[in-house]
Amino acid sequence: MPSAVNLHLGDDGILVAAMDLPGRPLNVVGDALMTGIAQAVERLTEPAVKGLILTSAKADFCAGGDIDRMSRWTRPEEPFEASLAMKRVLRQLEQQGKPVVAAINGHALGGGLELALACHARFALAQPRLKLGQPEVKLGLLPGGGGTVRLPRLLGIQAALQICGEGADLSPQKALSLGLLTALAPDREALMEQARAWIAAHPQAAQPWDQPKFRFPGGDSRAPAVAQLWAIAPSIAAQKSQGNYPAVQHIMSSIFEGGLLGFDAASVVESRYFAACVLSQVSRNMIATLWYGLNALKKGASRPTGLAPATVGRLGVLGAGMMGAGIAHAAAQAGIKVVLLDTTQEAAERGKAHAQGLLDRAVKKGRRTAAQRDEQLARIQPGTDYALLAGCDLVIEAVFEDRALKAEVTRRAEAALGDGAVFASNTSTLPITGLAQASSRPQRFIGLHFFSPVDRMPLVEIIVGRQTDDATLARAFDFVLQIGKTPIVVNDSRGFYTSRVFATYVMEGLAMLAEGVHPRSIEAAGLQAGMPMPPLALQDEVSLSLALHVADQTKTDLAAEGRPYTEHPGMAVVRRLCALGRLGKKVGQGFYDWAEGDKALWPGLAELYPVAAQQPAQQELMDRLMFAQANEAARCFEEGVLRTVDDANIGSIFGWGFAPFHGGALQFIDAMGAQAFVARARELAARHGARFEPAAVLVQRAASGKRFTQR
Ligand code: NAI
């Protein structure tokens, strides 16, 4: 087995250690890499070796910990020992007395940044796309390679809390301004030159924390200014996380306790918290979905196989409203030429102006240059003439949610398009198979359901109509990846997957209101359950009139199909408020009175829905909100609306913010076990209605013990 770290000793006595994990596309921290680094440390002890440069022979520096290995751990001793073993090597690296420099030529994330932190100086390429950071918290983990020990000692406790607790990526420029990097280099050659020069200038190097009179920048955990921070940081974190993310608390504890201890004791404390995180159900949930599930989807698990990947060179967008403008912007950003059509030139220009607004902001924040903005804007051609669609590989319509209008624009667009072009609808509610009836080639008709606001929402729900062919699905899938979004693929159904399940959350909250549950308790339950927004506020945001419109449309459609329509009890609440003109945020009044930047629950709610003397336990409310969603997701799975478990889980988190710590709507069931889920769902059904009767697929799984995810 070749070593994971190539060692090359130059004539200048500098040992270059280039990480290059065999058989893996990225360098990840595990036994193989650490053995290679340990070998480098050993060579460092040789008298001829004057210093060491740690760099990488791959495109990244080091992407982080080896998640596969972490997933195999079952006993706390395993992560604890592994974490300490890594840190023993890093301790030797930084305590040899000889200079060690990190030459960061690509992403240095998680364990990768921790390797760099154990070097005496850090240089990085000045590429804005290069990412540094401690993202462990996003998978329910804690930096276990010394991140919570070295960062507070290098940058101060507050900065360390931010970097480890929020897990945001840092650009090299940002990292430099924080003091995390020593300097930036324009290219690889300069990077190595700088590293060599630093070694030459510092023949003897030691870390600040190994100096006799070391002090934490800004003070340790006892310092008055830091003590103030400790008085508020935990409550801010608790408010944000509702206590649902143990890693957030463990990171704070590790930094706090480490801030009272010497380096090596702090290091042991960190490893204990690391072990607690790795084995937590929350990290298991997040890793299953946000790591394995997401990677599988991005690699095309839901894409038909055997079809060559395709890219869109020219895109047509019909309707330059909120969604159309957002889609045009996203595509132009990915380098695609866009024709943006509306009924008047002004309307089309307004759509382009939306992109301009977003880009101006990006320029102001330094994320784009003015030249990049102009180049991107030039790709969007606003107009009214459907003939401009000639040569488009894909057209997405985002006109008003009206069947007849959608049929008309479909026919007009197809008349201008070549045979191979794909036509997609961004409808949020109308079944795709029905819309495809207006198409002269329904096999090339598909749903591409974007979420609002398009520039911020990462998901696109691809809806396969009854006649949509595989080639069309593959092209739509490739397009979504091309614009940097995450695709999930679902079969056609009313509300598809995301809107259908999302509605059960909001409607359950509304039903509680009708039963006399205090509105504040309902809203608190939504947040405590880990949802990003509480049900009543959310209904106000999406508007009550939209819910009413969708319900009425569904009723009409089902009647035409001769099928029964059962209305959710929450809809009666929508009807009642709509009748009072309380249509939601867009008119300034709904469940809340909306004022500029502020909102307050409407006092009149108490008269419409008097609060019952006997209030249910919060847990009952939280369970109702979560079981309603998970059960509906299971029904979608059972009916074949969902094709894969990853689509379900990722779609729920990225689409409507299903509590990420549960790992998604089906992982919620897996984590609890189908048996426990079914038992609780039946209790809820007995008390609150048949909608809680567990899906048949869950009853079967409760008997067989089969899970959705096999990971
Ligand atoms: P919007 O009202 O902001 O924009 C619709 C645009 O279509 C208007 O600018 C209108 O002038 C234009 N239009 C009308 N007839 C046209 C024609 N014959 N040719 C070209 N343009 C025409 O609506 P929005 O919110 O952008 O929604 C568009 C579609 O996206 C709808 O189907 C909606 O259901 C769907 N959708 C909306 C979401 C949302 O959050 N607003 C989310 C996901 C999908």
# chains A, B, ... in the order shown; residues from 1 in each chain; ligands from 1
>>> residues_around(residues="Trp209 (chain A)", least_positions_apart="3", cutoff="10 Å", atoms="only C-alpha atoms", output="PyMOL selection string")
chain A and resi 150+153-154+206+212-216+262-263
>>> write_last_selection(atoms="C-alpha atoms", output="PDB file, in the first residue's frame")
ATOM      1  CA  ARG A 150      -6.411  25.641  18.983  1.00  0.00           C
ATOM      2  CA  ARG A 153      -5.972  30.025  21.552  1.00  0.00           C
ATOM      3  CA  LEU A 154      -5.260  31.453  18.119  1.00  0.00           C
ATOM      4  CA  ALA A 206       6.780  27.043  18.612  1.00  0.00           C
ATOM      5  CA  PRO A 212       5.731  30.204  28.781  1.00  0.00           C
ATOM      6  CA  LYS A 213       3.612  33.331  29.181  1.00  0.00           C
ATOM      7  CA  PHE A 214       0.835  32.400  26.797  1.00  0.00           C
ATOM      8  CA  ARG A 215      -2.502  34.177  27.128  1.00  0.00           C
ATOM      9  CA  PHE A 216      -5.695  33.629  25.148  1.00  0.00           C
ATOM     10  CA  GLY A 262      -4.121  23.698  29.932  1.00  0.00           C
ATOM     11  CA  PHE A 263      -3.746  22.631  26.295  1.00  0.00           C
TER      12      PHE A 263
END
>>> residues_around(residues="Ala296 (chain A)", least_positions_apart="5", cutoff="12 Å", atoms="only C-alpha atoms", output="list in words")
Ala288, Thr289, Leu290, Trp291, Ala301, Ser302, Arg303, Thr486, Pro487, Ile488, Thr644, Val645, Asp646, Asp647 and Ile650 of chain A
>>> select_by_dssp(residues="region 72-138 of chain A", states="strand (DSSP E)", output="MDAnalysis selection string")
chainID A and resid 100:104 108:109 121:125 132:133
>>> residues_near_ligand(ligand="ligand 1", cutoff="9 Å", atoms="only C-alpha atoms and all ligand atoms", output="NGL selection string")
:A and (317-326 or 340-344 or 347-348 or 350-351 or 384 or 386 or 397-402 or 405-406 or 408-409 or 412 or 425-430 or 448-454 or 542)
>>> residues_around(residues="Arg680 (chain A)", least_positions_apart="4", cutoff="9 Å", atoms="only C-alpha atoms", output="PDB file with all heavy atoms, in the first residue's frame")
ATOM      1  N   ASP A 623     -45.742  16.417  18.492  1.00  0.00           N
ATOM      2  CA  ASP A 623     -45.925  15.113  17.829  1.00  0.00           C
ATOM      3  C   ASP A 623     -46.935  15.219  16.689  1.00  0.00           C
ATOM      4  O   ASP A 623     -46.734  14.666  15.615  1.00  0.00           O
ATOM      5  CB  ASP A 623     -46.398  14.055  18.836  1.00  0.00           C
ATOM      6  CG  ASP A 623     -45.242  13.534  19.680  1.00  0.00           C
ATOM      7  OD1 ASP A 623     -44.090  13.943  19.418  1.00  0.00           O
ATOM      8  OD2 ASP A 623     -45.485  12.728  20.596  1.00  0.00           O
ATOM      9  N   PHE A 627     -45.674  14.057  13.183  1.00  0.00           N
ATOM     10  CA  PHE A 627     -46.258  12.791  12.694  1.00  0.00           C
ATOM     11  C   PHE A 627     -47.118  13.029  11.457  1.00  0.00           C
ATOM     12  O   PHE A 627     -47.166  12.195  10.552  1.00  0.00           O
ATOM     13  CB  PHE A 627     -47.072  12.107  13.804  1.00  0.00           C
ATOM     14  CG  PHE A 627     -46.237  11.256  14.714  1.00  0.00           C
ATOM     15  CD1 PHE A 627     -45.309  11.846  15.567  1.00  0.00           C
ATOM     16  CD2 PHE A 627     -46.347   9.875  14.714  1.00  0.00           C
ATOM     17  CE1 PHE A 627     -44.519  11.068  16.402  1.00  0.00           C
ATOM     18  CE2 PHE A 627     -45.556   9.088  15.532  1.00  0.00           C
ATOM     19  CZ  PHE A 627     -44.646   9.683  16.389  1.00  0.00           C
ATOM     20  N   GLN A 675     -42.179   0.515  14.595  1.00  0.00           N
ATOM     21  CA  GLN A 675     -43.122   0.007  15.598  1.00  0.00           C
ATOM     22  C   GLN A 675     -43.577   1.121  16.545  1.00  0.00           C
ATOM     23  O   GLN A 675     -44.776   1.290  16.789  1.00  0.00           O
ATOM     24  CB  GLN A 675     -42.421  -1.077  16.390  1.00  0.00           C
ATOM     25  CG  GLN A 675     -43.347  -2.191  16.753  1.00  0.00           C
ATOM     26  CD  GLN A 675     -42.579  -3.397  17.261  1.00  0.00           C
ATOM     27  OE1 GLN A 675     -41.376  -3.335  17.524  1.00  0.00           O
ATOM     28  NE2 GLN A 675     -43.289  -4.492  17.403  1.00  0.00           N
ATOM     29  N   ALA A 676     -42.617   1.868  17.034  1.00  0.00           N
ATOM     30  CA  ALA A 676     -42.946   2.960  17.947  1.00  0.00           C
ATOM     31  C   ALA A 676     -43.757   4.029  17.213  1.00  0.00           C
ATOM     32  O   ALA A 676     -44.700   4.605  17.770  1.00  0.00           O
ATOM     33  CB  ALA A 676     -41.668   3.572  18.512  1.00  0.00           C
ATOM     34  N   LEU A 684     -52.551   9.049  18.295  1.00  0.00           N
ATOM     35  CA  LEU A 684     -52.929  10.364  17.771  1.00  0.00           C
ATOM     36  C   LEU A 684     -54.199  10.254  16.932  1.00  0.00           C
ATOM     37  O   LEU A 684     -55.062  11.133  16.973  1.00  0.00           O
ATOM     38  CB  LEU A 684     -51.786  10.961  16.936  1.00  0.00           C
ATOM     39  CG  LEU A 684     -50.509  11.335  17.700  1.00  0.00           C
ATOM     40  CD1 LEU A 684     -49.398  11.754  16.738  1.00  0.00           C
ATOM     41  CD2 LEU A 684     -50.779  12.471  18.699  1.00  0.00           C
ATOM     42  N   ALA A 685     -54.325   9.170  16.172  1.00  0.00           N
ATOM     43  CA  ALA A 685     -55.518   8.976  15.340  1.00  0.00           C
ATOM     44  C   ALA A 685     -56.759   8.863  16.220  1.00  0.00           C
ATOM     45  O   ALA A 685     -57.809   9.435  15.918  1.00  0.00           O
ATOM     46  CB  ALA A 685     -55.351   7.738  14.474  1.00  0.00           C
TER      47      ALA A 685
END
>>> closest_atom_pairs(of="region 194-273 of chain A", to="region 87-94 of chain A", cutoff="10 Å", atoms="only C-alpha atoms", output="Markdown table")
| residue | atom | partner | partner_atom | distance |
| --- | --- | --- | --- | --- |
| A:Ala205 | CA | A:Glu94 | CA | 8.3 |
| A:Ala206 | CA | A:Glu94 | CA | 6.7 |
| A:Gln207 | CA | A:Glu94 | CA | 6.8 |
| A:Asp210 | CA | A:Glu94 | CA | 9.2 |
| A:Asp264 | CA | A:Arg91 | CA | 9.1 |
| A:Ser267 | CA | A:Lys87 | CA | 7.9 |
| A:Val268 | CA | A:Lys87 | CA | 9.4 |
| A:Ser271 | CA | A:Lys87 | CA | 9.4 |
>>> residues_around(residues="region 188-203 of chain A", least_positions_apart="5", cutoff="10 Å", atoms="only C-alpha atoms", output="mmCIF file with C-alpha atoms, in the first residue's frame")
data_model
loop_
_atom_site.group_PDB
_atom_site.id
_atom_site.type_symbol
_atom_site.label_atom_id
_atom_site.label_comp_id
_atom_site.auth_asym_id
_atom_site.auth_seq_id
_atom_site.Cartn_x
_atom_site.Cartn_y
_atom_site.Cartn_z
ATOM 1 C CA ASP A 12 17.436 23.329 1.292
ATOM 2 C CA GLY A 13 16.650 20.811 4.040
ATOM 3 C CA ILE A 14 12.905 21.409 3.779
ATOM 4 C CA LEU A 15 10.751 18.325 3.842
ATOM 5 C CA VAL A 16 7.656 18.663 1.668
ATOM 6 C CA LYS A 50 15.217 21.993 8.853
ATOM 7 C CA GLY A 51 11.483 22.336 8.518
ATOM 8 C CA LEU A 52 8.350 20.849 7.001
ATOM 9 C CA ILE A 53 5.717 22.011 4.536
ATOM 10 C CA LEU A 54 2.394 20.202 4.774
ATOM 11 C CA THR A 55 0.497 20.417 1.502
ATOM 12 C CA GLY A 97 10.991 22.904 17.699
ATOM 13 C CA LYS A 98 11.307 23.012 13.917
ATOM 14 C CA PRO A 99 9.122 25.174 11.719
ATOM 15 C CA VAL A 100 6.095 23.524 10.147
ATOM 16 C CA VAL A 101 4.035 25.386 7.570
ATOM 17 C CA ALA A 102 0.732 24.522 5.907
ATOM 18 C CA ALA A 103 0.601 25.348 2.190
ATOM 19 C CA ILE A 104 -3.144 25.249 1.619
ATOM 20 C CA ASN A 105 -3.710 24.654 -2.067
ATOM 21 C CA HIS A 120 3.152 27.216 12.915
ATOM 22 C CA ALA A 121 2.109 29.246 9.888
ATOM 23 C CA ARG A 122 -0.578 28.861 7.241
ATOM 24 C CA PHE A 123 -0.460 30.128 3.679
ATOM 25 C CA ALA A 124 -3.318 29.629 1.234
ATOM 26 C CA LEU A 125 -4.064 30.243 -2.413
ATOM 27 C CA ALA A 126 -6.019 33.463 -2.888
ATOM 28 C CA THR A 182 -0.484 34.072 7.684
ATOM 29 C CA ALA A 183 -0.705 35.304 4.083
#
>>> select_by_dssp(residues="region 263-444 of chain A", states="helix (DSSP H, G or I)", output="PyMOL selection string")
chain A and resi 263-278+281-298+322-333+345-364+370-378+386-389+403-416+432-438+442-444
>>> residues_around(residues="Glu508 (chain A)", least_positions_apart="6", cutoff="12 Å", atoms="only C-alpha atoms", output="MDAnalysis selection string")
chainID A and resid 501:502 514:515 517 522:523 525:526 534:536 539 568:574 620:629 688:689 691:692
>>> closest_residue(among="A:Gly530, A:Gly657, A:Gly110, A:Gly484", to="Gln333 (chain A)", atoms="only C-alpha atoms")
A:Gly484
>>> residues_around(residues="Pro22 (chain A)", least_positions_apart="2", cutoff="7 Å", atoms="only C-alpha atoms", output="PyMOL selection string")
chain A and resi 2+4+20+24
>>> residues_around(residues="Val422 (chain A)", least_positions_apart="5", cutoff="9 Å", atoms="only C-alpha atoms", output="PyMOL selection string")
chain A and resi 392-396+417+443-446+472+475-476
>>> closest_residue(among="A:Leu21, A:Val5, A:Val248, A:Leu151", to="Glu166 (chain A)", atoms="only C-alpha atoms")
A:Val248
>>> closest_residue(among="A:Gln528, A:Asn6, A:Asp60, A:Pro208", to="Gln95 (chain A)", atoms="only C-alpha atoms")
A:Pro208
>>> closest_residue(among="A:Lys240, A:Lys706, A:Arg222, A:Arg69", to="Gly30 (chain A)", atoms="only C-alpha atoms")
A:Arg69
>>> atom_distance(atom1="CA of Gly219 (chain A)", atom2="CA of Ser171 (chain A)")
26.2 Å
>>> atom_distance(atom1="CA of His107 (chain A)", atom2="CA of Ala355 (chain A)")
29.3 Å
>>> closest_residue(among="A:Lys174, A:Met70, A:Phe658, A:Leu155", to="Arg367 (chain A)", atoms="only C-alpha atoms")
A:Lys174
>>> closest_residue(among="A:Asp169, A:Val699, A:Gln96, A:Asn27", to="Glu42 (chain A)", atoms="only C-alpha atoms")
A:Gln96
>>> atom_distance(atom1="CA of Ala265 (chain A)", atom2="CA of Leu44 (chain A)")
25.6 Å
>>> decode(residues="region 375-388 of chain A", atoms="N, CA, C and O atoms", output="PDB file, in the first residue's frame")
ATOM      1  N   GLU A 375     -21.277  40.743 -17.261  1.00  0.00           N
ATOM      2  CA  GLU A 375     -21.212  39.582 -18.150  1.00  0.00           C
ATOM      3  C   GLU A 375     -22.435  38.688 -17.924  1.00  0.00           C
ATOM      4  O   GLU A 375     -23.069  38.214 -18.860  1.00  0.00           O
ATOM      5  N   GLN A 376     -22.758  38.505 -16.661  1.00  0.00           N
ATOM      6  CA  GLN A 376     -23.890  37.642 -16.321  1.00  0.00           C
ATOM      7  C   GLN A 376     -25.205  38.249 -16.792  1.00  0.00           C
ATOM      8  O   GLN A 376     -26.061  37.562 -17.344  1.00  0.00           O
ATOM      9  N   LEU A 377     -25.355  39.559 -16.580  1.00  0.00           N
ATOM     10  CA  LEU A 377     -26.597  40.218 -16.988  1.00  0.00           C
ATOM     11  C   LEU A 377     -26.778  40.167 -18.501  1.00  0.00           C
ATOM     12  O   LEU A 377     -27.897  40.022 -19.004  1.00  0.00           O
ATOM     13  N   ALA A 378     -25.654  40.270 -19.206  1.00  0.00           N
ATOM     14  CA  ALA A 378     -25.730  40.282 -20.671  1.00  0.00           C
ATOM     15  C   ALA A 378     -26.276  38.960 -21.210  1.00  0.00           C
ATOM     16  O   ALA A 378     -26.733  38.884 -22.351  1.00  0.00           O
ATOM     17  N   ARG A 379     -26.251  37.929 -20.390  1.00  0.00           N
ATOM     18  CA  ARG A 379     -26.760  36.627 -20.846  1.00  0.00           C
ATOM     19  C   ARG A 379     -28.289  36.577 -20.837  1.00  0.00           C
ATOM     20  O   ARG A 379     -28.880  35.675 -21.391  1.00  0.00           O
ATOM     21  N   ILE A 380     -28.924  37.527 -20.154  1.00  0.00           N
ATOM     22  CA  ILE A 380     -30.394  37.496 -20.076  1.00  0.00           C
ATOM     23  C   ILE A 380     -30.970  38.449 -21.119  1.00  0.00           C
ATOM     24  O   ILE A 380     -30.724  39.653 -21.087  1.00  0.00           O
ATOM     25  N   GLN A 381     -31.751  37.881 -22.038  1.00  0.00           N
ATOM     26  CA  GLN A 381     -32.352  38.698 -23.090  1.00  0.00           C
ATOM     27  C   GLN A 381     -33.849  38.798 -22.839  1.00  0.00           C
ATOM     28  O   GLN A 381     -34.591  37.831 -23.040  1.00  0.00           O
ATOM     29  N   PRO A 382     -34.338  39.967 -22.390  1.00  0.00           N
ATOM     30  CA  PRO A 382     -35.770  40.094 -22.131  1.00  0.00           C
ATOM     31  C   PRO A 382     -36.531  40.360 -23.434  1.00  0.00           C
ATOM     32  O   PRO A 382     -35.989  40.985 -24.350  1.00  0.00           O
ATOM     33  N   GLY A 383     -37.759  39.897 -23.535  1.00  0.00           N
ATOM     34  CA  GLY A 383     -38.521  40.149 -24.756  1.00  0.00           C
ATOM     35  C   GLY A 383     -39.958  39.654 -24.643  1.00  0.00           C
ATOM     36  O   GLY A 383     -40.405  39.212 -23.569  1.00  0.00           O
ATOM     37  N   THR A 384     -40.685  39.746 -25.764  1.00  0.00           N
ATOM     38  CA  THR A 384     -42.095  39.313 -25.791  1.00  0.00           C
ATOM     39  C   THR A 384     -42.354  38.332 -26.932  1.00  0.00           C
ATOM     40  O   THR A 384     -43.408  37.706 -26.975  1.00  0.00           O
ATOM     41  N   ASP A 385     -41.397  38.215 -27.831  1.00  0.00           N
ATOM     42  CA  ASP A 385     -41.624  37.439 -29.049  1.00  0.00           C
ATOM     43  C   ASP A 385     -41.236  35.968 -28.863  1.00  0.00           C
ATOM     44  O   ASP A 385     -40.071  35.666 -28.594  1.00  0.00           O
ATOM     45  N   TYR A 386     -42.207  35.084 -29.013  1.00  0.00           N
ATOM     46  CA  TYR A 386     -41.942  33.664 -28.789  1.00  0.00           C
ATOM     47  C   TYR A 386     -40.942  33.092 -29.804  1.00  0.00           C
ATOM     48  O   TYR A 386     -40.357  32.033 -29.566  1.00  0.00           O
ATOM     49  N   ALA A 387     -40.769  33.806 -30.935  1.00  0.00           N
ATOM     50  CA  ALA A 387     -39.804  33.332 -31.935  1.00  0.00           C
ATOM     51  C   ALA A 387     -38.385  33.316 -31.366  1.00  0.00           C
ATOM     52  O   ALA A 387     -37.521  32.570 -31.826  1.00  0.00           O
ATOM     53  N   LEU A 388     -38.166  34.134 -30.319  1.00  0.00           N
ATOM     54  CA  LEU A 388     -36.833  34.164 -29.687  1.00  0.00           C
ATOM     55  C   LEU A 388     -36.463  32.821 -29.052  1.00  0.00           C
ATOM     56  O   LEU A 388     -35.309  32.571 -28.719  1.00  0.00           O
TER      57      LEU A 388
END
